[in-house]
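Visitor: Take this structure first; my questions come after.
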Amino acid sequence: MSVRTLPLLFLNLGGEMLYILDQRLRAQNIPGDKARRDEWTEVDRKRVLNDIISTMFNRKFMEELFKPQELYSKKALRTVYDRLAHASIMRLNQASMDKLYDLMTMALKYQVLLCPRPKDVLLVTFNHLDAIKGFIQDSPPLLHLVDKTFQQLLKTYGGLSAGEFQLIRQTLLTFFQDLHIRVSVFLKDRVQNSNGRFVLPVSGPVPWGTEVPGLIRMFNNKGEEVKRVEFQHGGNYVTAPEEGSFELYGDRVLTLGTNMYSVNRPVETHMSEPSKNLASPTQQTTAPNPLAKEELNFLARLMGRMEIKKPSGPEPGFRLNLFTTDEEEEQAALSRPEELSYEVVNIQATQDQQRNKELARIMGEFEITDQPRWSASKGDDLLAMMDEL
């Protein structure tokens, strides 16, 4: 397992979250002079994105994120994204947050699987950062934060070997290993099967620096080529035109990690049947967790650096519903497999009472004491749009 994986995982998942929210808010956009108080406007969209990006790229938070550390459980990381999503006036119920997280994770899993080279995981991250910068063109301070993170990525990963990038890619694939959630966009494009597994292509450009398959060279003990044999590979491969740019500005060439929601089309998620060889929910929750204390320390450190800006004044938070109706949202919460539920972070570290109190204090700082009244119209309309994703 690579201890350099967490920054790439966090930034790419965060980029996918921003893609989804931006597309849904744009679809609901109503001119400010015509919008009612309970309707989303262009000002609301920019504010939501700016607040989330400001929190996501906070300097202290990034410093903690880039420290070498192992990946922890999906529930621990999900807790961080739950707080991040609520860094603005937007509010998500449990089922809606589950759906948002499903879209994020399956999109990134697809991108990591299809990376031509392990090193291209970095290009996927740059594509996400490039798109995020496009969201905040009118905010120089936020652009500066994103550029600083870009420079930190180059400093951290620029000198890694191909083997180290392969370990990072393998760590990411291990993290996504048991996630097989069907997404309508992938199903319609025929890149995902009905069981939730992705289809690997047998055509297109080969990785940069490699040759199109179809030729076997044989050498003698002196290293001299003595024979060539051609074979039919069964695909339709071509040579890569050029290598993507790893500079601050440049053509990434690779399209993985770009915004697939820039074209408006319905996106839905469906749960596939859990694998029979998976441990039962009871076994998963009652088995001792040898990394419990480390996971607790990780959450305390990471979330302690995340600065959440609470809405000022009497302005309410607006609920974002990713389903057509409240009843559908409630049904989704009830029918979701327990092994995919992230509502509770299970940390068995009861002996460390002082650390438990510290985590409780940090978590308490994120709580919104005055719960706003949901604006039904703005939330329901936006949720209906999210269901069209």
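Residue numbering restarts at 1 for every chain of the structure tokens, chains are lettered A, B, ... in their displayed order, and ligands are numbered from 1 as they appear.
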Show which residues sit within 7 Å of region 254-260 of chain A, as a ChimeraX atom specification. Count only C-alpha atoms, and ignore same-chain residues fewer than 4 positions away.

Guide: /A:19,111,124-125,127-128,244

Visitor: Show me a table, sorted first by chain and then by increasing residue number, of the residues of region 92-154 of chain A having an atom at most 12 Å from region 177-197 of chain A, each with its shortest atom pair and the distance in Å to one decimal, counting only C-alpha atoms and written as a tab-separated table.

Guide:
residue	atom	partner	partner_atom	distance
A:Asp98	CA	A:Ile181	CA	11.5
A:Lys99	CA	A:Ile181	CA	10.1
A:Leu100	CA	A:Val183	CA	11.5
A:Tyr101	CA	A:Ile181	CA	10.9
A:Asp102	CA	A:Ile181	CA	7.1
A:Leu103	CA	A:Val183	CA	7.3
A:Met104	CA	A:Val183	CA	10.5
A:Thr105	CA	A:Leu179	CA	8.2
A:Met106	CA	A:Ile181	CA	6.9
A:Ala107	CA	A:Val183	CA	8.8
A:Leu108	CA	A:Leu179	CA	11.3
A:Lys109	CA	A:Leu179	CA	8.7
A:Tyr110	CA	A:Val191	CA	9.0
A:Gln111	CA	A:Val191	CA	11.5
A:Val112	CA	A:Gln177	CA	11.5
A:Leu113	CA	A:Gln177	CA	10.7
A:Leu114	CA	A:Val191	CA	10.6

Visitor: Quick one, how far is CA of Val146 (chain A) from CA of Leu122 (chain A)?

Guide: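 Those two atoms sit 15.1 Å apart.
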
Visitor: Could you name the residues that touch Arg169 (chain A) at 10 Å or less, counting only C-alpha atoms, but leaving out those on the same chain fewer than 6 positions away, as a ChimeraX atom specification?

Guide: /A:1-2,5,8,112-113,115,117-121,163,175

Visitor: Just to confirm, what's the straight-line distance from CA of Gln137 (chain A) to CA of Phe61 (chain A) in Å (one decimal)?

Guide: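 A separation of 22.1 Å between them.
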
Visitor: Under the rule that only C-alpha atoms are counted, which of A:Asn50, A:Met90, A:Arg45, A:Leu129 is the nearest residue to Leu11 (chain A)?

Guide: A:Leu129

Visitor: Extract, using only C-alpha atoms, all DNA, RNA and protein residues at most 10 Å from Phe246 (chain A), discarding same-chain residues fewer than 6 positions from it, and format them as a list in words.

Guide: Asp120, Leu122, Leu123, Phe126, Leu154, Gly158 and Arg252 of chain A

Visitor: May I have the residues from that selection written out with N, CA, C and O atoms, as a short mmCIF file (atom, residue, chain, number, x, y, z; two decimals), in the first residue's frame?

Guide:
data_model
loop_
_atom_site.label_atom_id
_atom_site.label_comp_id
_atom_site.auth_asym_id
_atom_site.auth_seq_id
_atom_site.Cartn_x
_atom_site.Cartn_y
_atom_site.Cartn_z
N ASP A 120 -0.34 8.15 -15.36
CA ASP A 120 -1.42 8.98 -15.88
C ASP A 120 -2.48 9.29 -14.83
O ASP A 120 -3.35 10.13 -15.05
N LEU A 122 -1.82 10.93 -12.37
CA LEU A 122 -1.50 12.33 -12.10
C LEU A 122 -2.15 13.24 -13.13
O LEU A 122 -2.62 14.34 -12.79
N LEU A 123 -2.20 12.83 -14.40
CA LEU A 123 -2.88 13.62 -15.42
C LEU A 123 -4.38 13.71 -15.15
O LEU A 123 -5.00 14.75 -15.40
N PHE A 126 -4.73 16.37 -12.64
CA PHE A 126 -4.57 17.69 -13.25
C PHE A 126 -5.81 18.11 -14.04
O PHE A 126 -6.17 19.29 -14.07
N LEU A 154 3.20 18.51 -7.97
CA LEU A 154 4.43 18.35 -8.75
C LEU A 154 5.62 18.03 -7.85
O LEU A 154 6.46 17.19 -8.18
N GLY A 158 6.33 14.43 -8.80
CA GLY A 158 7.11 14.65 -10.02
C GLY A 158 8.30 13.72 -10.17
O GLY A 158 8.67 13.36 -11.29
N ARG A 252 -3.33 18.21 -21.63
CA ARG A 252 -3.20 16.94 -20.90
C ARG A 252 -3.34 15.74 -21.83
O ARG A 252 -3.00 14.62 -21.43
#

Visitor: Could you check which of A:Leu173, A:Phe150, A:Ala27, A:Ser203 is closest to Tyr249 (chain A), using only C-alpha atoms?

Guide: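 Going through A:Leu173, A:Phe150, A:Ala27, A:Ser203 one by one, the smallest distance to Tyr249 (chain A) is for A:Phe150.
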
Visitor: I'd like the interatomic distance between CA of Thr55 (chain A) and CA of Met97 (chain A), to a tenth of an Å.

Guide: 17.9 Å

Visitor: Report the residues of region 39-250 of chain A whose backbone DSSP state falls under strand (DSSP E or B), written as a PyMOL selection string.

Guide: chain A and resi 41+90-92+182-183+192+198+203-205+215-219+225-230+236-238

Visitor: Would you mind exporting the chosen residues as a short mmCIF file (atom, residue, chain, number, x, y, z; two decimals), in the first residue's frame, restricted to C-alpha atoms?

Guide:
data_model
loop_
_atom_site.label_atom_id
_atom_site.label_comp_id
_atom_site.auth_asym_id
_atom_site.auth_seq_id
_atom_site.Cartn_x
_atom_site.Cartn_y
_atom_site.Cartn_z
CA THR A 41 -29.83 31.28 -8.91
CA MET A 90 -26.43 23.53 0.61
CA ARG A 91 -27.74 20.71 2.80
CA LEU A 92 -27.96 17.00 1.91
CA ARG A 182 -24.41 0.83 -11.84
CA VAL A 183 -24.47 4.35 -13.30
CA GLN A 192 -20.27 -0.86 -17.72
CA PHE A 198 -16.52 -1.93 -16.15
CA SER A 203 -9.00 -0.29 -29.11
CA GLY A 204 -7.62 3.23 -29.08
CA PRO A 205 -4.15 4.64 -28.37
CA LEU A 215 5.05 -8.18 -33.06
CA ILE A 216 7.29 -10.61 -31.12
CA ARG A 217 11.07 -10.09 -31.23
CA MET A 218 13.45 -12.90 -30.27
CA PHE A 219 17.08 -12.32 -29.21
CA GLU A 225 17.68 -9.81 -32.63
CA VAL A 226 17.44 -13.07 -34.55
CA LYS A 227 13.77 -13.46 -35.41
CA ARG A 228 10.47 -11.62 -35.67
CA VAL A 229 6.99 -13.12 -35.51
CA GLU A 230 3.77 -11.20 -36.10
CA ASN A 236 -7.78 -1.84 -33.00
CA TYR A 237 -4.85 -0.03 -31.39
CA VAL A 238 -2.96 3.05 -32.56
#

Visitor: Taking the DSSP secondary structure from the backbone, can you list the residues of region 86-125 of chain A that are alpha helix (DSSP H), as a list in words?

Guide: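 After running DSSP on the backbone, region 86-125 of chain A has alpha helix (DSSP H) at Gln94, Ala95, Ser96, Met97, Asp98, Lys99, Leu100, Tyr101, Asp102, Leu103, Met104, Thr105, Met106, Ala107, Leu108, Lys109, Tyr110, Gln111, Val112, Leu113, Leu114, Asp120, Val121, Leu122, Leu123, Val124 and Thr125 of chain A.
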
Visitor: Determine the nearest neighbour of Phe135 (chain A) from the options A:Leu25, A:Val253, A:Val206, A:Ile53, counting only C-alpha atoms.

Guide: A:Ile53
